[in-house]
>>> print(open('upload15.cif').read())   # mmCIF, C-alpha atoms and all ligand atoms
data_my_file
loop_
_atom_site.label_atom_id
_atom_site.label_comp_id
_atom_site.auth_asym_id
_atom_site.auth_seq_id
_atom_site.Cartn_x
_atom_site.Cartn_y
_atom_site.Cartn_z
CA MET A 994 206.98 -28.66 -92.23
CA ARG A 995 204.85 -25.69 -93.10
CA LEU A 996 204.94 -26.03 -96.92
CA GLU A 997 204.80 -29.84 -96.96
CA GLY A 998 203.74 -31.12 -100.39
CA LYS A 999 202.85 -27.68 -101.76
CA VAL A 1000 203.73 -27.10 -105.41
CA ALA A 1001 205.49 -23.73 -105.65
CA ILE A 1002 206.71 -21.92 -108.76
CA VAL A 1003 209.45 -19.38 -108.01
CA THR A 1004 210.47 -17.15 -110.92
CA GLY A 1005 213.95 -15.65 -111.04
CA ALA A 1006 215.06 -18.47 -108.75
CA GLY A 1007 218.55 -18.75 -110.22
CA GLN A 1008 220.21 -16.33 -107.82
CA GLY A 1009 219.62 -13.68 -105.17
CA ILE A 1010 216.27 -13.50 -103.37
CA GLY A 1011 214.63 -16.08 -105.67
CA ALA A 1012 217.37 -18.64 -105.01
CA ALA A 1013 217.14 -18.09 -101.25
CA THR A 1014 213.35 -18.48 -101.51
CA ALA A 1015 213.60 -21.70 -103.53
CA ARG A 1016 216.03 -23.15 -100.96
CA LYS A 1017 213.85 -22.08 -98.03
CA PHE A 1018 210.71 -23.53 -99.65
CA ALA A 1019 212.55 -26.81 -100.30
CA ARG A 1020 213.64 -26.99 -96.64
CA ASP A 1021 210.03 -26.28 -95.64
CA GLY A 1022 208.82 -29.30 -97.63
CA ALA A 1023 207.59 -27.70 -100.87
CA ILE A 1024 207.89 -29.17 -104.36
CA VAL A 1025 209.84 -26.31 -105.93
CA VAL A 1026 209.62 -25.31 -109.57
CA VAL A 1027 212.80 -23.33 -110.23
CA CYS A 1028 212.17 -20.89 -113.09
CA ASP A 1029 214.89 -18.61 -114.44
CA LEU A 1030 216.33 -17.26 -117.66
CA ASN A 1031 219.78 -18.58 -116.77
CA ARG A 1032 220.00 -22.29 -117.68
CA ASP A 1033 223.10 -23.08 -115.58
CA ALA A 1034 221.68 -21.33 -112.54
CA VAL A 1035 218.45 -23.31 -112.90
CA SER A 1036 220.24 -26.65 -112.83
CA GLU A 1037 222.44 -25.58 -109.89
CA MET A 1038 219.38 -24.47 -107.92
CA VAL A 1039 217.46 -27.66 -108.69
CA ASP A 1040 220.44 -29.59 -107.25
CA ALA A 1041 220.58 -27.25 -104.24
CA CYS A 1042 216.86 -27.73 -103.52
CA ARG A 1043 217.20 -31.51 -103.79
CA GLU A 1044 220.23 -31.43 -101.46
CA ALA A 1045 218.10 -29.42 -99.02
CA GLY A 1046 215.78 -32.43 -98.95
CA GLY A 1047 213.12 -31.12 -101.30
CA VAL A 1048 211.62 -32.14 -104.62
CA ALA A 1049 212.57 -29.74 -107.41
CA GLU A 1050 212.25 -29.28 -111.12
CA GLY A 1051 213.73 -26.59 -113.34
CA PHE A 1052 212.56 -24.51 -116.29
CA SER A 1053 214.88 -22.18 -118.15
CA ILE A 1054 212.43 -19.65 -119.56
CA ASP A 1055 211.89 -15.93 -120.02
CA VAL A 1056 208.81 -14.78 -118.09
CA SER A 1057 208.21 -12.07 -120.69
CA ASN A 1058 207.55 -14.83 -123.25
CA ARG A 1059 203.92 -15.84 -122.78
CA HIS A 1060 204.20 -19.09 -124.74
CA ALA A 1061 207.16 -20.22 -122.66
CA VAL A 1062 205.25 -19.44 -119.45
CA ASP A 1063 202.17 -21.34 -120.65
CA ASP A 1064 204.33 -24.35 -121.62
CA MET A 1065 206.01 -24.36 -118.19
CA VAL A 1066 202.66 -24.23 -116.38
CA ALA A 1067 201.22 -26.99 -118.60
CA SER A 1068 204.23 -29.18 -117.85
CA VAL A 1069 204.00 -28.56 -114.09
CA LEU A 1070 200.29 -29.45 -114.16
CA ASP A 1071 201.01 -32.54 -116.19
CA THR A 1072 203.40 -33.77 -113.51
CA TYR A 1073 201.92 -32.51 -110.24
CA ARG A 1074 198.24 -31.80 -111.11
CA ARG A 1075 198.20 -28.65 -108.94
CA ILE A 1076 199.92 -25.33 -108.29
CA ASP A 1077 199.65 -24.00 -104.74
CA ILE A 1078 202.09 -21.10 -104.68
CA LEU A 1079 203.42 -18.66 -107.28
CA VAL A 1080 206.27 -16.31 -106.33
CA ASN A 1081 206.64 -13.63 -109.00
CA ASN A 1082 210.21 -12.72 -108.16
CA ALA A 1083 212.02 -12.37 -111.53
CA GLY A 1084 213.12 -8.78 -112.06
CA ILE A 1085 215.72 -6.62 -113.76
CA THR A 1086 216.96 -3.04 -113.64
CA ARG A 1087 217.96 -0.80 -116.56
CA ASP A 1088 218.58 2.48 -114.78
CA ALA A 1089 218.81 5.93 -116.34
CA ARG A 1090 217.50 9.42 -115.59
CA LEU A 1091 214.25 10.30 -117.37
CA GLN A 1092 215.98 12.39 -120.06
CA LYS A 1093 218.50 9.62 -120.82
CA MET A 1094 216.25 6.54 -120.62
CA THR A 1095 215.92 4.74 -123.94
CA LEU A 1096 212.70 3.12 -125.08
CA GLN A 1097 214.58 -0.18 -125.00
CA GLN A 1098 215.47 0.30 -121.32
CA PHE A 1099 211.87 1.25 -120.56
CA ASP A 1100 210.38 -1.69 -122.47
CA ASP A 1101 212.85 -4.27 -121.11
CA VAL A 1102 211.96 -3.51 -117.49
CA ILE A 1103 208.21 -3.29 -118.11
CA ASP A 1104 208.29 -6.56 -120.10
CA VAL A 1105 209.95 -8.57 -117.31
CA ASN A 1106 208.93 -6.81 -114.08
CA LEU A 1107 205.32 -6.03 -114.97
CA ARG A 1108 204.18 -8.01 -118.01
CA GLY A 1109 206.05 -11.11 -116.76
CA VAL A 1110 204.07 -11.00 -113.49
CA PHE A 1111 200.85 -10.72 -115.49
CA HIS A 1112 201.84 -13.69 -117.69
CA THR A 1113 202.68 -16.11 -114.90
CA THR A 1114 199.71 -15.15 -112.77
CA GLN A 1115 197.23 -15.41 -115.62
CA ALA A 1116 198.74 -18.78 -116.52
CA VAL A 1117 198.14 -20.28 -113.04
CA VAL A 1118 194.97 -18.55 -111.93
CA ASP A 1119 192.40 -20.94 -113.46
CA THR A 1120 194.09 -23.85 -111.71
CA MET A 1121 194.07 -22.05 -108.35
CA ILE A 1122 190.39 -21.13 -108.82
CA GLU A 1123 189.54 -24.78 -109.58
CA GLN A 1124 191.46 -25.82 -106.45
CA GLY A 1125 189.63 -23.16 -104.42
CA ALA A 1126 193.01 -22.30 -102.93
CA GLY A 1127 196.33 -20.71 -103.82
CA VAL A 1128 198.86 -18.08 -102.86
CA ILE A 1129 200.35 -15.47 -105.19
CA LEU A 1130 203.31 -13.45 -103.95
CA ASN A 1131 204.73 -10.51 -105.91
CA ALA A 1132 208.11 -8.79 -105.71
CA SER A 1133 207.59 -5.06 -105.47
CA SER A 1134 210.16 -2.75 -103.88
CA VAL A 1135 210.42 0.33 -101.70
CA VAL A 1136 210.89 1.99 -105.10
CA GLY A 1137 207.30 0.91 -105.84
CA ILE A 1138 206.16 2.98 -102.83
CA TYR A 1139 208.46 6.01 -102.82
CA GLY A 1140 209.92 6.12 -106.38
CA ASN A 1141 213.68 6.49 -106.90
CA TYR A 1142 216.13 8.64 -108.82
CA GLY A 1143 217.11 7.04 -112.14
CA GLN A 1144 214.42 4.37 -112.02
CA THR A 1145 211.42 5.63 -114.03
CA ASN A 1146 210.93 2.21 -115.64
CA TYR A 1147 211.53 0.17 -112.48
CA ALA A 1148 209.35 2.43 -110.31
CA ALA A 1149 206.49 2.22 -112.83
CA ALA A 1150 206.72 -1.57 -112.83
CA LYS A 1151 207.00 -1.91 -109.06
CA PHE A 1152 204.09 0.53 -108.44
CA GLY A 1153 202.21 -1.55 -111.02
CA VAL A 1154 202.96 -4.74 -109.12
CA ILE A 1155 201.32 -3.21 -106.05
CA GLY A 1156 198.32 -2.35 -108.23
CA PHE A 1157 198.18 -5.97 -109.42
CA THR A 1158 198.39 -7.19 -105.82
CA LYS A 1159 195.53 -5.04 -104.57
CA THR A 1160 193.34 -5.73 -107.60
CA TRP A 1161 193.92 -9.49 -107.60
CA SER A 1162 193.41 -9.72 -103.83
CA ARG A 1163 189.92 -8.29 -104.41
CA GLU A 1164 189.15 -10.45 -107.46
CA LEU A 1165 190.59 -13.71 -106.13
CA GLY A 1166 190.07 -13.47 -102.35
CA PRO A 1167 186.47 -14.72 -102.67
CA LYS A 1168 187.84 -17.77 -104.51
CA GLY A 1169 190.20 -18.76 -101.69
CA ILE A 1170 193.35 -17.23 -103.20
CA ARG A 1171 195.52 -14.82 -101.23
CA VAL A 1172 197.66 -12.25 -103.07
CA ASN A 1173 200.37 -10.24 -101.32
CA ALA A 1174 203.53 -8.31 -102.17
CA ILE A 1175 206.85 -7.70 -100.51
CA ALA A 1176 208.58 -4.35 -100.87
CA PRO A 1177 212.23 -4.96 -99.98
CA GLY A 1178 214.69 -2.17 -99.36
CA PHE A 1179 218.34 -2.69 -100.31
CA ILE A 1180 219.09 -6.42 -100.32
CA ASP A 1181 222.60 -7.72 -100.92
CA THR A 1182 222.21 -9.62 -104.22
CA PRO A 1183 223.80 -9.48 -107.69
CA ILE A 1184 221.12 -6.96 -108.79
CA LEU A 1185 223.18 -4.34 -106.91
CA SER A 1186 226.35 -5.25 -108.85
CA THR A 1187 226.00 -2.23 -111.15
CA VAL A 1188 225.62 0.18 -108.21
CA PRO A 1189 228.89 2.00 -107.34
CA ASP A 1190 230.48 1.27 -103.92
CA GLU A 1191 230.00 4.84 -102.67
CA VAL A 1192 226.28 4.63 -103.46
CA ILE A 1193 226.04 1.31 -101.57
CA ALA A 1194 227.78 2.97 -98.60
CA ARG A 1195 225.21 5.81 -98.73
CA MET A 1196 222.37 3.26 -98.93
CA ARG A 1197 223.69 1.58 -95.79
CA GLU A 1198 223.74 4.93 -93.96
CA GLN A 1199 220.07 5.49 -94.89
CA VAL A 1200 219.04 2.30 -93.10
CA PRO A 1201 218.52 2.58 -89.32
CA LEU A 1202 219.85 -0.99 -88.99
CA ARG A 1203 223.03 0.26 -90.81
CA ARG A 1204 223.29 -2.72 -93.14
CA LEU A 1205 221.82 -4.13 -96.34
CA GLY A 1206 219.30 -6.95 -96.03
CA LYS A 1207 220.18 -10.56 -96.79
CA PRO A 1208 218.25 -12.55 -99.44
CA GLU A 1209 217.35 -15.09 -96.74
CA GLU A 1210 215.60 -12.33 -94.76
CA ILE A 1211 213.21 -11.80 -97.69
CA ALA A 1212 212.89 -15.56 -98.33
CA ASN A 1213 211.69 -15.98 -94.72
CA ILE A 1214 208.85 -13.53 -95.38
CA TYR A 1215 207.86 -15.30 -98.61
CA ALA A 1216 207.78 -18.61 -96.73
CA PHE A 1217 205.59 -17.13 -94.00
CA LEU A 1218 203.21 -15.47 -96.50
CA ALA A 1219 203.01 -18.71 -98.52
CA SER A 1220 202.08 -20.73 -95.43
CA ASP A 1221 198.76 -21.17 -93.64
CA GLU A 1222 200.22 -19.10 -90.79
CA ALA A 1223 199.44 -16.07 -92.99
CA SER A 1224 195.87 -17.21 -93.69
CA TYR A 1225 194.29 -13.81 -92.99
CA ILE A 1226 196.87 -11.70 -94.87
CA ASN A 1227 195.54 -10.65 -98.27
CA GLY A 1228 196.23 -7.57 -100.41
CA ALA A 1229 199.12 -6.54 -98.15
CA VAL A 1230 202.42 -4.94 -99.12
CA ILE A 1231 205.01 -5.95 -96.54
CA GLU A 1232 207.89 -3.49 -96.44
CA ALA A 1233 211.19 -5.11 -95.43
CA SER A 1234 213.77 -2.37 -95.55
CA GLY A 1235 215.43 -2.24 -92.14
CA GLY A 1236 213.36 0.89 -91.49
CA MET A 1237 214.72 2.83 -94.45
CA THR A 1238 212.75 5.60 -96.15
CA LEU A 1239 214.03 6.85 -99.48
P1 LIG B 1301 218.92 -10.78 -109.02
O1 LIG B 1301 219.34 -9.96 -110.21
O2 LIG B 1301 219.97 -11.20 -108.06
O3 LIG B 1301 218.14 -12.08 -109.52
C1 LIG B 1301 217.10 -12.00 -110.44
C2 LIG B 1301 216.95 -13.33 -111.14
O4 LIG B 1301 215.89 -13.18 -112.10
C3 LIG B 1301 218.20 -13.75 -111.94
O5 LIG B 1301 218.54 -15.09 -111.63
C4 LIG B 1301 217.78 -13.58 -113.39
O6 LIG B 1301 218.41 -14.51 -114.27
C5 LIG B 1301 216.28 -13.80 -113.31
N1 LIG B 1301 215.59 -13.18 -114.43
C6 LIG B 1301 215.81 -11.95 -114.95
N2 LIG B 1301 215.01 -11.74 -115.99
C7 LIG B 1301 214.27 -12.87 -116.14
C8 LIG B 1301 213.28 -13.26 -117.06
N3 LIG B 1301 212.90 -12.45 -118.05
N4 LIG B 1301 212.71 -14.49 -116.94
C9 LIG B 1301 213.09 -15.32 -115.94
N5 LIG B 1301 214.05 -15.00 -115.04
C10 LIG B 1301 214.62 -13.80 -115.15
O7 LIG B 1301 217.77 -9.95 -108.29
P2 LIG B 1301 217.31 -9.92 -106.74
O8 LIG B 1301 218.02 -8.82 -106.08
O9 LIG B 1301 217.35 -11.28 -106.17
O10 LIG B 1301 215.82 -9.43 -106.93
C11 LIG B 1301 214.71 -10.31 -107.00
C12 LIG B 1301 213.44 -9.48 -107.06
O11 LIG B 1301 213.36 -8.63 -105.92
C13 LIG B 1301 213.36 -8.57 -108.28
O12 LIG B 1301 212.02 -8.49 -108.74
C14 LIG B 1301 213.80 -7.23 -107.73
O13 LIG B 1301 213.29 -6.16 -108.48
C15 LIG B 1301 213.22 -7.29 -106.34
N6 LIG B 1301 213.89 -6.41 -105.39
C16 LIG B 1301 215.24 -6.54 -105.15
C17 LIG B 1301 215.85 -5.65 -104.26
C18 LIG B 1301 217.33 -5.70 -103.93
O14 LIG B 1301 217.83 -4.74 -103.33
N7 LIG B 1301 218.05 -6.75 -104.26
C19 LIG B 1301 215.09 -4.64 -103.65
C20 LIG B 1301 213.73 -4.56 -103.94
C21 LIG B 1301 213.14 -5.44 -104.81
#
>>> encode(input="upload15.cif", output="C-alpha cells", more="lines below")
Ligand code: NAD
Amino acid sequence: MRLEGKVAIVTGAGQGIGAATARKFARDGAIVVVCDLNRDAVSEMVDACREAGGVAEGFSIDVSNRHAVDDMVASVLDTYRRIDILVNNAGITRDARLQKMTLQQFDDVIDVNLRGVFHTTQAVVDTMIEQGAGVILNASSVVGIYGNYGQTNYAAAKFGVIGFTKTWSRELGPKGIRVNAIAPGFIDTPILSTVPDEVIARMREQVPLRRLGKPEEIANIYAFLASDEASYINGAVIEASGGMTL
C-alpha cells in the first residue's frame, strides 16, 4: 500500500473532499488524523477510516484557532512521533459581490482558508524538517487561478494558497519536503449547497466533460501527490476541473 504507516493530518475531513481523502488515505495504509470543526462528522469519519482498515484518530478543532492547532499537533506527535503528510483542505465560502461583502464575510474566509493553512503548516514544519521528509498539500481552486464573480474573499485566499505553495516549495524543497496544491473545478460536495440549481446547471455546461467532479476524483490526486510516486513533483498546482475555464 502506497501510504503504508504514514501519519497524515487531513483538515476539513468531516465531509466532502476531505472525507473522501481521509477514506482513501486509510485504504492506502495511512494513519489518518481526521481534523474538522464538526464533532459528529469527526467521529463518523474516524469510524469510517477504521472500517476501511486504517488507523485513525479525530480532533474537533477550528483551524483558524492557532492554540487548538498547536495542541492537535502536539497530541499527534505524542502518540505517533512523526507527521508525514499534511492536507490543508478545510475551507468555507461566504459569497457576495464586492459592494455587498461585509468585513465579517471577508475575515471569516481569510481566517479559515488562508490563515488556517498558515497555522497548520507552521505547526508541523519543524517536525518535517527534523525528519528530513514530508508532504504538504494545499486546497486551492480554479477560483485561485481565474477569480470568480461574487468571491472576492475566496479568490484572495485561494490565490494566496498558491502563493504559499510556491514559496514553501522553494523554502522547504532543500529540506526534503514537497509542497503542492490542487485547484479543483466544480466538485459535487456540500460546499455547493448554497448555489442555486440553475447556476449548477450552467456550471455543468461550462465543463467539457459535462458533469461536476466527484470528491473521490480529488482524493485520488491527493493520494498520488502524497505518495512517493510523486517524488519529483514540487511547487505544482494541479488543476482538476474536467477541462473547465471560468
Ligand atoms: P465542504 O464544505 O463539503 O467540507 C469542508 C469541511 O471543512 C467541512 O467538514 C467543514 O466542517 C470543515 N471546516 C470548515 N471550516 C473549518 C475550520 N475552521 N476548521 C476545521 N474544519 C473546518 O467543502 P469541500 O467542497 O469538500 O471543499 C474542500 C476544500 O476544497 C475547500 O478548501 C474548498 O475551498 C476546496 N474546493 C472545493 C471545490 C468544490 O467545488 N467543492 C472546488 C475548489 C476547491
>>> residues_around(input="upload15.cif", residues="A:Lys999", least_positions_apart="2", cutoff="7 Å", atoms="all atoms listed in the file", output="tab-separated table (two decimals) with C-alpha atoms, in the frame of the given file")
chain	number	residue	atom	x	y	z
A	996	LEU	CA	204.94	-26.03	-96.92
A	997	GLU	CA	204.80	-29.84	-96.96
A	1001	ALA	CA	205.49	-23.73	-105.65
A	1023	ALA	CA	207.59	-27.70	-100.87
A	1024	ILE	CA	207.89	-29.17	-104.36
A	1077	ASP	CA	199.65	-24.00	-104.74
>>> residues_near_ligand(input="upload15.cif", ligand="ligand LIG 1301 (chain B)", cutoff="7 Å", atoms="all atoms listed in the file", output="PyMOL selection string")
chain A and resi 1004-1011+1028-1031+1054-1057+1082-1085+1105-1106+1132-1135+1176-1185+1208
>>> write_last_selection(input="upload15.cif", atoms="C-alpha atoms", output="compact mmCIF listing (two decimals), in the coordinates of the input")
# COMPACT_ATOMS: atom_id res chain seq x y z
CA THR A 1004 210.47 -17.15 -110.92
CA GLY A 1005 213.95 -15.65 -111.04
CA ALA A 1006 215.06 -18.47 -108.75
CA GLY A 1007 218.55 -18.75 -110.22
CA GLN A 1008 220.21 -16.33 -107.82
CA GLY A 1009 219.62 -13.68 -105.17
CA ILE A 1010 216.27 -13.50 -103.37
CA GLY A 1011 214.63 -16.08 -105.67
CA CYS A 1028 212.17 -20.89 -113.09
CA ASP A 1029 214.89 -18.61 -114.44
CA LEU A 1030 216.33 -17.26 -117.66
CA ASN A 1031 219.78 -18.58 -116.77
CA ILE A 1054 212.43 -19.65 -119.56
CA ASP A 1055 211.89 -15.93 -120.02
CA VAL A 1056 208.81 -14.78 -118.09
CA SER A 1057 208.21 -12.07 -120.69
CA ASN A 1082 210.21 -12.72 -108.16
CA ALA A 1083 212.02 -12.37 -111.53
CA GLY A 1084 213.12 -8.78 -112.06
CA ILE A 1085 215.72 -6.62 -113.76
CA VAL A 1105 209.95 -8.57 -117.31
CA ASN A 1106 208.93 -6.81 -114.08
CA ALA A 1132 208.11 -8.79 -105.71
CA SER A 1133 207.59 -5.06 -105.47
CA SER A 1134 210.16 -2.75 -103.88
CA VAL A 1135 210.42 0.33 -101.70
CA ALA A 1176 208.58 -4.35 -100.87
CA PRO A 1177 212.23 -4.96 -99.98
CA GLY A 1178 214.69 -2.17 -99.36
CA PHE A 1179 218.34 -2.69 -100.31
CA ILE A 1180 219.09 -6.42 -100.32
CA ASP A 1181 222.60 -7.72 -100.92
CA THR A 1182 222.21 -9.62 -104.22
CA PRO A 1183 223.80 -9.48 -107.69
CA ILE A 1184 221.12 -6.96 -108.79
CA LEU A 1185 223.18 -4.34 -106.91
CA PRO A 1208 218.25 -12.55 -99.44
>>> atom_distance(input="upload15.cif", atom1="atom CA of A:Val1080", atom2="atom CA of A:Gly998")
16.2 Å
>>> closest_residue(input="upload15.cif", among="A:Ile1211, A:Val1118, A:Ala1045, A:Ala1015", to="A:Arg1075", atoms="all atoms listed in the file")
A:Val1118
>>> atom_distance(input="upload15.cif", atom1="atom CA of A:Ala1013", atom2="atom CA of A:Glu1209")
5.4 Å
>>> build_atoms(input="upload15.cif", residues="stretch 997-1018 of chain A", atoms="N, CA and C atoms", output="short mmCIF file (atom, residue, chain, number, x, y, z; two decimals), keeping the file's coordinate frame")
data_model
loop_
_atom_site.label_atom_id
_atom_site.label_comp_id
_atom_site.auth_asym_id
_atom_site.auth_seq_id
_atom_site.Cartn_x
_atom_site.Cartn_y
_atom_site.Cartn_z
N GLU A 997 204.77 -28.41 -96.59
CA GLU A 997 204.80 -29.84 -96.96
C GLU A 997 203.90 -30.16 -98.16
N GLY A 998 204.51 -30.67 -99.23
CA GLY A 998 203.74 -31.12 -100.39
C GLY A 998 203.17 -30.04 -101.28
N LYS A 999 203.39 -28.78 -100.94
CA LYS A 999 202.85 -27.68 -101.76
C LYS A 999 203.69 -27.52 -103.02
N VAL A 1000 203.03 -27.33 -104.14
CA VAL A 1000 203.73 -27.10 -105.41
C VAL A 1000 203.92 -25.59 -105.57
N ALA A 1001 205.18 -25.17 -105.63
CA ALA A 1001 205.49 -23.73 -105.65
C ALA A 1001 206.36 -23.37 -106.84
N ILE A 1002 205.88 -22.45 -107.67
CA ILE A 1002 206.71 -21.92 -108.76
C ILE A 1002 207.38 -20.65 -108.25
N VAL A 1003 208.71 -20.60 -108.39
CA VAL A 1003 209.45 -19.38 -108.01
C VAL A 1003 210.17 -18.88 -109.25
N THR A 1004 209.79 -17.69 -109.74
CA THR A 1004 210.47 -17.15 -110.92
C THR A 1004 211.71 -16.38 -110.49
N GLY A 1005 212.69 -16.33 -111.38
CA GLY A 1005 213.95 -15.65 -111.04
C GLY A 1005 214.66 -16.36 -109.90
N ALA A 1006 214.53 -17.70 -109.88
CA ALA A 1006 215.06 -18.47 -108.75
C ALA A 1006 216.51 -18.87 -108.93
N GLY A 1007 217.17 -18.36 -109.95
CA GLY A 1007 218.55 -18.75 -110.22
C GLY A 1007 219.57 -18.14 -109.29
N GLN A 1008 219.25 -17.00 -108.73
CA GLN A 1008 220.21 -16.33 -107.82
C GLN A 1008 219.44 -15.37 -106.92
N GLY A 1009 220.17 -14.75 -106.00
CA GLY A 1009 219.62 -13.68 -105.17
C GLY A 1009 218.43 -14.13 -104.32
N ILE A 1010 217.43 -13.26 -104.24
CA ILE A 1010 216.27 -13.50 -103.37
C ILE A 1010 215.50 -14.75 -103.83
N GLY A 1011 215.36 -14.92 -105.15
CA GLY A 1011 214.63 -16.08 -105.67
C GLY A 1011 215.31 -17.39 -105.29
N ALA A 1012 216.63 -17.43 -105.37
CA ALA A 1012 217.37 -18.64 -105.01
C ALA A 1012 217.21 -18.93 -103.52
N ALA A 1013 217.31 -17.89 -102.71
CA ALA A 1013 217.14 -18.09 -101.25
C ALA A 1013 215.73 -18.58 -100.96
N THR A 1014 214.76 -18.07 -101.72
CA THR A 1014 213.35 -18.48 -101.51
C THR A 1014 213.15 -19.93 -101.93
N ALA A 1015 213.73 -20.31 -103.07
CA ALA A 1015 213.60 -21.70 -103.53
C ALA A 1015 214.19 -22.65 -102.48
N ARG A 1016 215.37 -22.30 -101.98
CA ARG A 1016 216.03 -23.15 -100.96
C ARG A 1016 215.18 -23.26 -99.70
N LYS A 1017 214.68 -22.12 -99.25
CA LYS A 1017 213.85 -22.08 -98.03
C LYS A 1017 212.58 -22.92 -98.21
N PHE A 1018 211.93 -22.76 -99.37
CA PHE A 1018 210.71 -23.53 -99.65
C PHE A 1018 211.03 -25.03 -99.66
#
